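The file structure34.txt contains compact mmCIF, C-alpha atoms (C1' of nucleotides):
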# COMPACT_ATOMS: atom_id res chain seq x y z
CA MET A 129 81.95 -119.41 50.25
CA THR A 130 80.87 -121.13 53.39
CA ARG A 131 79.13 -119.38 56.24
CA SER A 132 81.80 -118.41 58.72
CA TYR A 133 81.40 -118.34 62.44
CA HIS A 134 82.00 -114.64 62.54
CA HIS A 135 79.21 -113.07 60.61
CA GLY A 136 80.96 -110.16 58.99
CA ASP A 137 78.84 -107.12 59.72
CA LEU A 138 76.16 -108.51 61.92
CA ARG A 139 75.56 -105.22 63.64
CA ARG A 140 74.57 -103.57 60.39
CA VAL A 141 72.52 -106.55 59.28
CA LEU A 142 70.61 -106.40 62.56
CA THR A 143 69.80 -102.69 62.42
CA ASP A 144 68.66 -103.04 58.81
CA ALA A 145 66.46 -106.01 59.63
CA ALA A 146 65.10 -104.09 62.60
CA LEU A 147 64.12 -101.16 60.38
CA GLY A 148 62.23 -103.55 58.16
CA LEU A 149 60.37 -105.10 61.04
CA ILE A 150 59.60 -101.68 62.52
CA ALA A 151 58.13 -100.57 59.20
CA GLU A 152 55.90 -103.64 59.16
CA ARG A 153 54.71 -103.86 62.74
CA GLY A 154 55.95 -100.84 64.65
CA PRO A 155 58.86 -100.69 67.08
CA THR A 156 57.17 -102.28 70.08
CA ALA A 157 56.33 -105.44 68.16
CA VAL A 158 59.94 -106.09 67.24
CA SER A 159 61.65 -108.82 69.24
CA LEU A 160 65.35 -109.48 69.47
CA ARG A 161 64.62 -113.09 68.67
CA ASP A 162 62.83 -112.24 65.45
CA LEU A 163 65.82 -110.15 64.56
CA ALA A 164 68.15 -113.03 65.27
CA ARG A 165 66.04 -115.34 63.13
CA ALA A 166 66.01 -112.82 60.29
CA ALA A 167 69.81 -112.64 60.40
CA GLY A 168 70.21 -116.38 60.81
CA VAL A 169 72.04 -116.16 64.11
CA SER A 170 71.35 -117.38 67.61
CA HIS A 171 68.86 -115.62 69.85
CA ALA A 172 71.54 -114.10 72.04
CA ALA A 173 73.67 -112.61 69.28
CA PRO A 174 71.84 -109.25 69.14
CA ALA A 175 72.36 -108.75 72.85
CA HIS A 176 76.09 -109.00 72.38
CA HIS A 177 76.11 -106.09 69.93
CA PHE A 178 73.59 -103.81 71.57
CA GLY A 179 73.65 -104.82 75.22
CA ASP A 180 69.89 -104.91 75.49
CA LYS A 181 66.82 -104.05 73.47
CA ALA A 182 67.06 -100.37 74.32
CA GLY A 183 70.61 -100.47 72.98
CA LEU A 184 69.31 -101.54 69.59
CA PHE A 185 66.88 -98.63 69.48
CA THR A 186 69.58 -96.26 70.66
CA ALA A 187 71.68 -97.25 67.68
CA ILE A 188 68.74 -96.75 65.33
CA ALA A 189 67.81 -93.38 66.84
CA THR A 190 71.40 -92.17 66.53
CA GLN A 191 71.60 -93.31 62.92
CA GLY A 192 68.29 -91.54 62.25
CA GLN A 193 69.46 -88.27 63.78
CA ARG A 194 72.51 -88.36 61.56
CA LEU A 195 70.41 -88.99 58.47
CA LEU A 196 68.08 -86.15 59.36
CA ALA A 197 70.96 -83.78 60.06
CA ASP A 198 72.51 -84.71 56.72
CA ALA A 199 69.24 -84.02 54.91
CA LEU A 200 68.84 -80.66 56.63
CA ALA A 201 72.46 -79.72 55.93
CA GLU A 202 71.94 -80.51 52.26
CA GLU A 203 68.89 -78.29 52.18
CA LEU A 204 70.63 -75.51 54.09
CA ALA A 205 73.42 -75.49 51.54
CA ARG A 206 70.85 -74.04 49.14
CA GLY A 207 70.14 -71.12 51.45
CA PRO A 208 68.51 -70.73 54.88
CA ASP A 209 64.82 -70.82 53.92
CA PRO A 210 62.77 -72.00 56.94
CA ARG A 211 59.87 -73.06 54.78
CA ARG A 212 61.94 -75.29 52.51
CA LEU A 213 63.67 -76.71 55.54
CA GLY A 214 60.31 -77.53 57.10
CA VAL A 215 59.21 -79.33 53.96
CA ARG A 216 62.44 -81.32 54.06
CA TYR A 217 61.76 -82.24 57.69
CA VAL A 218 58.29 -83.48 56.82
CA ARG A 219 59.66 -85.38 53.86
CA PHE A 220 62.24 -87.09 56.07
CA ALA A 221 59.46 -88.28 58.36
CA ALA A 222 57.56 -89.64 55.37
CA GLU A 223 60.55 -91.29 53.72
CA HIS A 224 62.05 -92.77 56.87
CA PRO A 225 59.07 -93.54 59.07
CA SER A 226 60.88 -96.23 61.04
CA TYR A 227 63.75 -93.92 61.96
CA PHE A 228 61.41 -91.04 62.74
CA GLU A 229 59.21 -93.24 64.86
CA VAL A 230 62.07 -94.40 67.07
CA MET A 231 63.88 -91.05 67.26
CA PHE A 232 61.08 -89.35 69.13
CA ARG A 233 60.18 -92.15 71.48
CA PRO A 234 62.62 -91.77 74.36
CA ASP A 235 61.17 -94.63 76.36
CA LEU A 236 62.55 -96.99 73.76
CA TYR A 237 66.21 -96.08 74.05
CA HIS A 238 68.95 -94.84 76.38
CA ARG A 239 68.33 -91.10 76.27
CA GLU A 240 71.66 -90.17 77.78
CA ASP A 241 73.79 -92.09 75.31
CA PRO A 242 76.66 -89.74 74.33
CA GLU A 243 76.59 -90.50 70.61
CA LEU A 244 72.86 -89.99 70.46
CA VAL A 245 73.04 -86.75 72.41
CA ALA A 246 75.71 -85.45 70.06
CA ALA A 247 73.76 -86.42 66.95
CA ARG A 248 70.64 -84.76 68.28
CA ALA A 249 72.55 -81.59 69.14
CA ARG A 250 73.81 -81.39 65.57
CA THR A 251 70.25 -81.54 64.25
CA THR A 252 69.09 -78.83 66.64
CA ASP A 253 72.00 -76.58 65.76
CA LEU A 254 71.29 -76.95 62.05
CA LEU A 255 67.66 -75.99 62.54
CA ARG A 256 68.78 -72.96 64.49
CA THR A 257 70.84 -71.63 61.60
CA ALA A 258 67.75 -71.40 59.39
CA ILE A 259 66.47 -68.40 61.34
CA PRO A 260 68.59 -65.24 61.24
CA GLY A 261 69.33 -63.21 64.33
CA GLU A 262 70.46 -63.92 67.86
CA GLY A 263 68.88 -64.07 71.26
CA ARG A 264 65.71 -65.41 72.77
CA ASP A 265 63.39 -64.04 70.13
CA ALA A 266 65.20 -65.71 67.26
CA ASP A 267 65.28 -68.92 69.29
CA ARG A 268 61.54 -68.71 69.63
CA ARG A 269 61.04 -68.29 65.91
CA MET A 270 63.22 -71.29 65.28
CA LEU A 271 61.28 -73.29 67.82
CA ALA A 272 58.01 -72.20 66.24
CA ALA A 273 59.17 -73.36 62.82
CA TRP A 274 60.42 -76.65 64.22
CA SER A 275 57.15 -77.19 66.10
CA VAL A 276 55.04 -76.70 62.99
CA ALA A 277 57.05 -79.16 60.97
CA HIS A 278 57.33 -81.70 63.76
CA GLY A 279 53.69 -81.37 64.77
CA PHE A 280 52.52 -81.83 61.20
CA ALA A 281 54.74 -84.85 60.69
CA THR A 282 53.62 -86.40 63.97
CA LEU A 283 49.91 -85.79 63.47
CA LEU A 284 50.25 -87.22 60.00
CA ARG A 285 51.99 -90.36 61.21
CA SER A 286 49.47 -90.92 63.99
CA GLY A 287 46.62 -90.86 61.47
CA ASN A 288 45.04 -87.66 62.80
CA LEU A 289 45.10 -85.89 59.45
CA ASP A 290 43.54 -88.60 57.31
CA ARG A 291 40.09 -87.08 57.47
CA LEU A 292 41.36 -83.51 57.13
CA LEU A 293 43.68 -84.12 54.20
CA GLY A 294 41.28 -86.32 52.31
CA GLY A 295 43.86 -87.93 50.05
CA ARG A 296 45.83 -84.82 49.13
CA ASP A 297 49.62 -85.09 49.16
CA ALA A 298 50.85 -84.32 52.63
CA GLU A 299 54.17 -82.80 51.64
CA THR A 300 52.80 -80.21 49.24
CA GLU A 301 49.97 -79.53 51.65
CA PHE A 302 52.53 -78.70 54.29
CA GLY A 303 54.24 -76.39 51.83
CA GLU A 304 51.00 -74.45 51.35
CA LEU A 305 50.34 -74.39 55.06
CA ALA A 306 53.81 -73.11 55.86
CA GLY A 307 53.36 -70.38 53.28
CA LEU A 308 50.48 -68.99 55.33
CA LEU A 309 52.71 -68.51 58.34
CA ASP A 310 55.54 -66.10 58.76
CA VAL A 311 58.26 -67.18 61.11
CA LEU A 312 60.68 -64.48 60.00
CA PRO A 313 60.68 -61.09 61.79
CA MET B 634 32.63 -104.84 104.64
CA THR B 635 34.23 -107.92 103.26
CA ARG B 636 35.88 -108.17 99.87
CA SER B 637 33.24 -109.41 97.50
CA TYR B 638 33.80 -111.60 94.50
CA HIS B 639 32.58 -108.89 92.19
CA HIS B 640 34.94 -106.04 92.54
CA GLY B 641 32.61 -103.10 92.10
CA ASP B 642 34.17 -100.90 89.47
CA LEU B 643 37.15 -102.89 88.39
CA ARG B 644 37.25 -101.34 84.97
CA ARG B 645 37.75 -97.89 86.42
CA VAL B 646 40.24 -99.14 88.98
CA LEU B 647 42.26 -100.75 86.22
CA THR B 648 42.42 -97.69 83.96
CA ASP B 649 43.39 -95.51 86.91
CA ALA B 650 46.11 -97.92 87.97
CA ALA B 651 47.28 -98.09 84.36
CA LEU B 652 47.61 -94.30 84.22
CA GLY B 653 49.74 -94.41 87.33
CA LEU B 654 52.01 -97.09 85.92
CA ILE B 655 52.26 -95.26 82.59
CA ALA B 656 53.33 -92.11 84.40
CA GLU B 657 56.03 -94.05 86.19
CA ARG B 658 57.46 -96.25 83.47
CA GLY B 659 55.82 -95.34 80.18
CA PRO B 660 53.07 -97.24 78.38
CA THR B 661 55.19 -100.03 76.94
CA ALA B 662 56.44 -101.09 80.35
CA VAL B 663 52.95 -101.64 81.71
CA SER B 664 51.82 -105.25 81.94
CA LEU B 665 48.31 -106.52 82.41
CA ARG B 666 49.59 -108.68 85.21
CA ASP B 667 51.03 -105.71 87.09
CA LEU B 668 47.69 -104.05 86.69
CA ALA B 669 45.91 -107.08 88.06
CA ARG B 670 48.26 -107.17 91.05
CA ALA B 671 47.71 -103.46 91.70
CA ALA B 672 43.95 -104.02 91.74
CA GLY B 673 44.22 -107.21 93.77
CA VAL B 674 42.57 -109.41 91.18
CA SER B 675 43.65 -112.40 89.16
CA HIS B 676 45.91 -112.04 86.17
CA ALA B 677 43.12 -112.69 83.67
CA ALA B 678 40.63 -110.19 85.04
CA PRO B 679 41.83 -107.24 82.94
CA ALA B 680 41.46 -109.25 79.75
CA HIS B 681 37.79 -109.76 80.51
CA HIS B 682 37.16 -106.02 80.61
CA PHE B 683 39.35 -104.89 77.75
CA GLY B 684 39.66 -107.95 75.57
CA ASP B 685 43.38 -107.57 75.16
CA LYS B 686 46.15 -105.14 76.00
CA ALA B 687 45.34 -102.91 73.06
CA GLY B 688 41.80 -102.72 74.38
CA LEU B 689 43.07 -101.22 77.61
CA PHE B 690 44.97 -98.53 75.74
CA THR B 691 41.97 -97.91 73.50
CA ALA B 692 39.92 -97.15 76.58
CA ILE B 693 42.59 -94.81 77.89
CA ALA B 694 43.00 -93.03 74.56
CA THR B 695 39.25 -92.51 74.28
CA GLN B 696 39.07 -91.19 77.82
CA GLY B 697 41.97 -88.85 77.01
CA GLN B 698 40.35 -87.53 73.85
CA ARG B 699 37.23 -86.71 75.83
CA LEU B 700 39.22 -84.91 78.49
CA LEU B 701 41.08 -82.91 75.86
CA ALA B 702 37.87 -82.05 74.02
CA ASP B 703 36.32 -80.91 77.30
CA ALA B 704 39.31 -78.69 78.05
CA LEU B 705 39.21 -77.16 74.57
CA ALA B 706 35.46 -76.63 74.76
CA GLU B 707 35.88 -74.84 78.07
CA GLU B 708 38.50 -72.57 76.53
CA LEU B 709 36.41 -71.97 73.42
CA ALA B 710 33.53 -70.82 75.57
CA ARG B 711 35.65 -67.79 76.35
CA GLY B 712 35.97 -66.90 72.68
CA PRO B 713 37.72 -68.46 69.69
CA ASP B 714 41.30 -67.31 70.24
CA PRO B 715 43.69 -69.76 68.51
CA ARG B 716 46.62 -68.71 70.67
CA ARG B 717 44.82 -69.33 73.96
CA LEU B 718 43.55 -72.60 72.60
CA GLY B 719 47.09 -73.62 71.73
CA VAL B 720 48.28 -72.84 75.22
CA ARG B 721 45.46 -74.95 76.58
CA TYR B 722 46.51 -77.81 74.31
CA VAL B 723 50.08 -77.62 75.55
CA ARG B 724 48.89 -77.45 79.12
CA PHE B 725 46.79 -80.56 78.63
CA ALA B 726 49.86 -82.44 77.42
CA ALA B 727 51.79 -81.27 80.49
CA GLU B 728 49.03 -82.00 82.98
CA HIS B 729 48.00 -85.36 81.58
CA PRO B 730 51.19 -86.81 80.14
CA SER B 731 49.98 -90.39 80.41
CA TYR B 732 46.83 -89.71 78.45
CA PHE B 733 48.66 -87.62 75.89
CA GLU B 734 51.33 -90.25 75.47
CA VAL B 735 48.85 -92.98 74.67
CA MET B 736 46.51 -90.87 72.53
CA PHE B 737 49.08 -90.27 69.83
CA ARG B 738 50.56 -93.73 69.70
CA PRO B 739 48.25 -95.65 67.38
CA ASP B 740 50.29 -98.84 67.50
CA LEU B 741 49.18 -99.24 71.11
CA TYR B 742 45.44 -99.34 70.55
CA HIS B 743 42.67 -100.29 68.13
CA ARG B 744 42.63 -97.28 65.83
CA GLU B 745 39.28 -98.12 64.30
CA ASP B 746 37.38 -98.37 67.57
CA PRO B 747 34.10 -96.45 67.04
CA GLU B 748 34.09 -94.70 70.40
CA LEU B 749 37.67 -93.59 69.96
CA VAL B 750 37.04 -92.37 66.41
CA ALA B 751 34.05 -90.37 67.61
CA ALA B 752 35.97 -88.83 70.50
CA ARG B 753 38.84 -87.88 68.22
CA ALA B 754 36.45 -86.35 65.70
CA ARG B 755 34.98 -84.17 68.42
CA THR B 756 38.44 -82.84 69.31
CA THR B 757 39.25 -82.09 65.68
CA ASP B 758 35.95 -80.31 65.14
CA LEU B 759 36.49 -78.16 68.19
CA LEU B 760 39.92 -77.13 66.99
CA ARG B 761 38.43 -76.24 63.65
CA THR B 762 35.99 -73.77 65.19
CA ALA B 763 38.85 -71.68 66.52
CA ILE B 764 39.70 -70.42 63.05
CA PRO B 765 37.07 -68.30 61.28
CA GLY B 766 36.17 -68.87 57.64
CA GLU B 767 35.40 -71.82 55.45
CA GLY B 768 37.18 -73.81 52.81
CA ARG B 769 40.61 -75.21 52.27
CA ASP B 770 42.51 -72.10 53.30
CA ALA B 771 40.83 -71.89 56.68
CA ASP B 772 41.44 -75.61 57.15
CA ARG B 773 45.11 -75.02 56.51
CA ARG B 774 45.29 -72.28 59.10
CA MET B 775 43.62 -74.53 61.60
CA LEU B 776 46.06 -77.30 60.78
CA ALA B 777 48.97 -74.92 61.13
CA ALA B 778 47.83 -73.85 64.57
CA TRP B 779 47.25 -77.45 65.62
CA SER B 780 50.66 -78.46 64.31
CA VAL B 781 52.48 -75.78 66.29
CA ALA B 782 50.78 -76.73 69.52
CA HIS B 783 51.13 -80.44 68.97
CA GLY B 784 54.71 -80.21 67.77
CA PHE B 785 55.72 -78.11 70.74
CA ALA B 786 54.02 -80.46 73.17
CA THR B 787 55.58 -83.50 71.54
CA LEU B 788 59.09 -82.09 71.32
CA LEU B 789 58.78 -81.05 74.94
CA ARG B 790 57.70 -84.49 76.08
CA SER B 791 60.44 -86.22 74.13
CA GLY B 792 63.07 -84.11 75.85
CA ASN B 793 64.16 -82.26 72.74
CA LEU B 794 63.59 -78.81 74.22
CA ASP B 795 65.45 -79.25 77.49
CA ARG B 796 68.60 -77.60 76.19
CA LEU B 797 66.72 -74.91 74.28
CA LEU B 798 64.36 -73.90 77.07
CA GLY B 799 66.98 -73.95 79.78
CA GLY B 800 64.57 -74.21 82.69
CA ARG B 801 62.06 -71.62 81.56
CA ASP B 802 58.39 -72.50 81.95
CA ALA B 803 57.25 -74.32 78.84
CA GLU B 804 53.67 -73.12 78.87
CA THR B 805 54.43 -69.41 79.01
CA GLU B 806 57.25 -69.92 76.56
CA PHE B 807 54.74 -71.40 74.14
CA GLY B 808 52.51 -68.39 74.68
CA GLU B 809 55.33 -66.05 73.63
CA LEU B 810 56.21 -68.24 70.69
CA ALA B 811 52.62 -68.39 69.48
CA GLY B 812 52.44 -64.61 69.73
CA LEU B 813 55.15 -64.35 67.09
CA LEU B 814 53.07 -66.27 64.59
CA ASP B 815 49.90 -65.17 62.93
CA VAL B 816 47.56 -67.93 61.95
CA LEU B 817 44.65 -65.62 61.26
CA PRO B 818 44.16 -64.16 57.77
C1' DC C 534 104.87 -122.34 64.25
C1' DT C 535 102.52 -122.18 68.62
C1' DT C 536 100.52 -119.84 72.41
C1' DT C 537 97.57 -116.58 74.16
C1' DC C 538 93.82 -113.57 74.10
C1' DA C 539 90.00 -110.66 73.07
C1' DG C 540 86.05 -110.45 70.31
C1' DT C 541 82.16 -112.92 68.37
C1' DC C 542 78.64 -116.04 68.61
C1' DT C 543 76.03 -120.36 70.73
C1' DT C 544 73.61 -123.14 74.08
C1' DG C 545 71.02 -123.43 78.08
C1' DT C 546 68.13 -121.45 81.35
C1' DC C 547 65.01 -118.30 84.07
C1' DA C 548 61.20 -115.46 85.45
C1' DG C 549 57.79 -112.73 83.35
C1' DT C 550 54.23 -111.83 79.72
C1' DG C 551 49.80 -111.94 76.70
C1' DA C 552 46.38 -114.88 75.19
C1' DC C 553 43.23 -118.45 75.60
C1' DA C 554 40.15 -122.17 77.65
C1' DA C 555 37.44 -123.94 81.18
C1' DG C 556 35.44 -123.47 85.46
C1' DA C 557 33.70 -121.07 89.78
C1' DT C 558 30.96 -117.38 91.81
C1' DA C 559 27.79 -113.69 92.22
C1' DT C 560 24.02 -110.83 90.56
C1' DA C 561 19.83 -109.95 87.77
C1' DC C 562 15.70 -111.42 86.21
C1' DG C 563 11.88 -114.63 84.99
C1' DC D 20 12.94 -120.21 93.51
C1' DG D 21 15.76 -121.19 89.54
C1' DT D 22 18.28 -120.01 85.82
C1' DA D 23 20.82 -117.13 82.81
C1' DT D 24 24.49 -113.80 82.42
C1' DA D 25 28.25 -111.02 83.72
C1' DT D 26 32.26 -111.18 86.48
C1' DC D 27 36.26 -113.14 88.02
C1' DT D 28 39.67 -117.38 88.86
C1' DT D 29 42.72 -121.20 87.81
C1' DG D 30 45.52 -123.46 84.68
C1' DT D 31 48.20 -123.53 80.71
C1' DC D 32 50.81 -122.32 76.40
C1' DA D 33 54.25 -120.33 73.41
C1' DC D 34 57.08 -116.45 73.43
C1' DT D 35 60.14 -112.84 75.20
C1' DG D 36 64.39 -110.33 77.30
C1' DA D 37 68.13 -111.06 80.16
C1' DC D 38 71.81 -113.56 81.90
C1' DA D 39 75.58 -117.12 82.48
C1' DA D 40 78.80 -120.22 80.72
C1' DG D 41 81.06 -122.07 77.09
C1' DA D 42 82.68 -122.70 72.11
C1' DC D 43 84.67 -120.91 68.05
C1' DT D 44 87.60 -117.61 65.34
C1' DG D 45 91.23 -114.54 63.94
C1' DA D 46 95.12 -112.04 65.07
C1' DA D 47 98.80 -110.51 67.73
C1' DA D 48 102.87 -111.84 70.42
C1' DG D 49 106.47 -114.92 71.54
What would you get if you wrote out this structure as structure tokens?
Amino acid sequence: MTRSYHHGDLRRVLTDAALGLIAERGPTAVSLRDLARAAGVSHAAPAHHFGDKAGLFTAIATQGQRLLADALAEELARGPDPRRLGVRYVRFAAEHPSYFEVMFRPDLYHREDPELVAARARTTDLLRTAIPGEGRDADRRMLAAWSVAHGFATLLRSGNLDRLLGGRDAETEFGELAGLLDVLP
Amino acid sequence: MTRSYHHGDLRRVLTDAALGLIAERGPTAVSLRDLARAAGVSHAAPAHHFGDKAGLFTAIATQGQRLLADALAEELARGPDPRRLGVRYVRFAAEHPSYFEVMFRPDLYHREDPELVAARARTTDLLRTAIPGEGRDADRRMLAAWSVAHGFATLLRSGNLDRLLGGRDAETEFGELAGLLDVLP
DNA sequence: CTTTCAGTCTTGTCAGTGACAAGATATACG
DNA sequence: CGTATATCTTGTCACTGACAAGACTGAAAG
């Protein structure tokens, strides 16, 4: 089976390779040309699929939002427990660091991309359903819960908790921590 | 007063110019050569002061940690109220977005730089003093409070709260939100 | 079967970038 | 005065993202 001119699913190959490189060196150190080399295509091939570098990250961020929303939806199917949902959020960040990294770095991608905006809205809406009630107060409780989970995940990823955690498992530690709070009325 | 060969305080001029450029275009879009142009020096002058690009961001992150620690210390002098401290944290992120941006992006700088590590430790220690008590449980409460503030600030900066907040002032909104939680035993 | 055509990928090129080396200049210090 | 050191410059290198123009492929239309 000889290598054909048309690659097959180059777009997917490129995003996958990108995730690998991001995991190794971080998003900013990824070059389109490295990506092309990894996929065995010419240096301009990625540009055709994503427009520019930001287009690549937009695709990755969108994909990440969908994955996160799926994970949250799965957890919500077992009942709207904010604490469990928070743990799932933190676990997503730990299991998919490359996605998480890109998703919350707007300077990397096209923030107004319709698909990305839609995917992000789905995530937000899912989080909202974990807190009962309507109105501004319930919104605030949801935002509080989201902030705790997101803040913990972010501080963890940026290495700010290394000294504080001292080797203990981050996910279970977050579970304990969340148990001390009470986001429900 | 003619332009001398030695610039005077080029290091300071460069970090200040960098903060301006970061505010405009984000940290990744800043180039050492732009910086040099802004300061009216040759393209290799910045490298002499900071070693490499990461060195520049290390200096900025350290400076930012000191500013944040100062702000927290000032607030702590008025009594150890976690909620007020959180508001101050969020305000810092809003008032010094360029610093905040760099501080929590470890891939930009030399994470193991001694001065930076020391400055970060001071910030962490100050946060810790806001929660009374000793031991693991108190640590968790401190971490919870930090996570809420940091998560809120981060989500805000990444544009994830635009739809949710709908134009309301973020800082006061965080105050309300923090009032719904209870991080103290 | 052949023509056309849009989508996919390549080749070639450009200005801009970070890093490094070697040299020039100014200040501090004996 | 002279000499060492910190500061800054000039020159260069490989690499990058973006763009333009062209080549290849598969499929639809005649």
Problem - Close residues, region 167-169 of chain A itself excluded, 9 Å, all atoms listed in the file, min 6 positions apart in chain, as a list in words - result: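 Residues near the query, excluding close chain neighbours: His135, Leu138, Val141, Leu142 and Ala145 of chain A; DC542 and DT543 of chain C.
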Exercise for the section: For DG545 (chain C), please output as a list of chain:residue names all residues within 12 Å (counting only C-alpha atoms (C1' of nucleotides); exclusion window: fewer than 5 positions along the same chain). Expected result: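 Close residues of DG545 (chain C): A:His171, A:Ala172, D:DC38, D:DA39, D:DA40, D:DG41.
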Using only C-alpha atoms (C1' of nucleotides), which residues of chain B come within 12 Å of chain C, and what is the closest atom pair for each, with the distance in Å to one decimal? Give it as a Markdown table, sorted by chain and residue number.
| residue | atom | partner | partner_atom | distance |
| --- | --- | --- | --- | --- |
| B:Ser637 | CA | C:DA559 | C1' | 8.7 |
| B:Tyr638 | CA | C:DA559 | C1' | 6.8 |
| B:His639 | CA | C:DA559 | C1' | 6.8 |
| B:His640 | CA | C:DA559 | C1' | 10.5 |
| B:Gly641 | CA | C:DA559 | C1' | 11.6 |
| B:Ala662 | CA | C:DT550 | C1' | 11.0 |
| B:Val663 | CA | C:DT550 | C1' | 10.5 |
| B:Ser664 | CA | C:DT550 | C1' | 7.4 |
| B:Leu665 | CA | C:DG551 | C1' | 8.0 |
| B:Arg666 | CA | C:DT550 | C1' | 7.8 |
| B:Asp667 | CA | C:DT550 | C1' | 10.1 |
| B:His676 | CA | C:DG551 | C1' | 10.2 |
| B:Ala677 | CA | C:DA552 | C1' | 9.3 |
| B:Pro679 | CA | C:DG551 | C1' | 11.2 |
| B:Ala680 | CA | C:DA552 | C1' | 8.8 |
| B:His681 | CA | C:DA552 | C1' | 11.3 |
| B:Gly684 | CA | C:DA552 | C1' | 9.7 |
| B:Asp685 | CA | C:DA552 | C1' | 7.9 |
| B:Lys686 | CA | C:DG551 | C1' | 7.7 |
| B:Ala687 | CA | C:DG551 | C1' | 10.7 |
Within 6 Å of chain B, which residues of chain A are there when counting all atoms listed in the file? Please give them as a compact mmCIF listing (two decimals) with C-alpha atoms, in the coordinates of the input.
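Okay, result.txt is ready:
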# COMPACT_ATOMS: atom_id res chain seq x y z
CA PHE A 232 61.08 -89.35 69.13
CA PRO A 234 62.62 -91.77 74.36
CA ARG A 268 61.54 -68.71 69.63
CA SER A 275 57.15 -77.19 66.10
CA VAL A 276 55.04 -76.70 62.99
CA HIS A 278 57.33 -81.70 63.76
CA GLY A 279 53.69 -81.37 64.77
CA PHE A 280 52.52 -81.83 61.20
CA SER A 286 49.47 -90.92 63.99
CA LEU A 305 50.34 -74.39 55.06
Practice task
Would you mind reading off the distance between CA of Arg761 (chain B) and CA of Tyr722 (chain B), one decimal, in Å?
Solution key: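 Between these atoms lies a distance of 13.5 Å.
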Exercise for the section: State, in Å with one decimal place, the distance from CA of Leu213 (chain A) to CA of Pro260 (chain A). Expected result: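 So the answer is 13.7 Å.
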Exercise for the section: Would you please work out which residue, of D:DA42, D:DC27, D:DA47, D:DC32, is nearest to chain B when using all atoms listed in the file? Expected result: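 The answer is D:DC27, which sits nearest to chain B.
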Handout entry: chain D contacts to chain A at 9 Å (all atoms listed in the file) as a ChimeraX atom specification
Key = /D:35-37,43-44
Problem - Interatomic distance, CA of Leu204 (chain A) to CA of Thr190 (chain A) (Å, one decimal) - result: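 Going from CA of Leu204 (chain A) over to CA of Thr190 (chain A), I get 20.8 Å.
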Practice task
Identify the residues around (47.9, -94.0, 76.6) within a radius of 7 Å, measuring from all atoms listed in the file in the coordinates stated by the file, and give them as a list of chain:residue names.
Solution key: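 Residues lying no farther than 7 Å from the given point: B:Pro660, B:Phe690, B:Ile693, B:Ala694, B:Ser731, B:Tyr732, B:Phe733, B:Glu734, B:Val735, B:Met736.
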Exercise for the section: Excluding Asp746 (chain B) and residues on its chain fewer than 4 positions from it, collect all residues at most 10 Å away from it, counting all atoms listed in the file, and give them as a PyMOL selection string. Expected result: chain B and resi 688+691-692+695+742+750-751
Selected residues, C-alpha atoms, written as an mmCIF file, in the frame of the given file, please.
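File produced: part15.cif:
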data_model
loop_
_atom_site.group_PDB
_atom_site.id
_atom_site.type_symbol
_atom_site.label_atom_id
_atom_site.label_comp_id
_atom_site.auth_asym_id
_atom_site.auth_seq_id
_atom_site.Cartn_x
_atom_site.Cartn_y
_atom_site.Cartn_z
ATOM 1 C CA GLY B 688 41.800 -102.720 74.380
ATOM 2 C CA THR B 691 41.970 -97.910 73.500
ATOM 3 C CA ALA B 692 39.920 -97.150 76.580
ATOM 4 C CA THR B 695 39.250 -92.510 74.280
ATOM 5 C CA TYR B 742 45.440 -99.340 70.550
ATOM 6 C CA VAL B 750 37.040 -92.370 66.410
ATOM 7 C CA ALA B 751 34.050 -90.370 67.610
#
Exercise for the section: May I ask which of the residues A:Leu200, A:Asp144, A:Ala247, A:Glu152 is the closest one to Arg212 (chain A), counting only C-alpha atoms? Expected result: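 Using only C-alpha atoms, the shortest distance to Arg212 (chain A) belongs to A:Leu200.
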Problem - Residue among B:His682, B:Leu668, B:Val723, B:Ile655 lying closest to DA25 (chain D), counting all atoms listed in the file - result: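 So, comparing all the options, the nearest one is B:His682.
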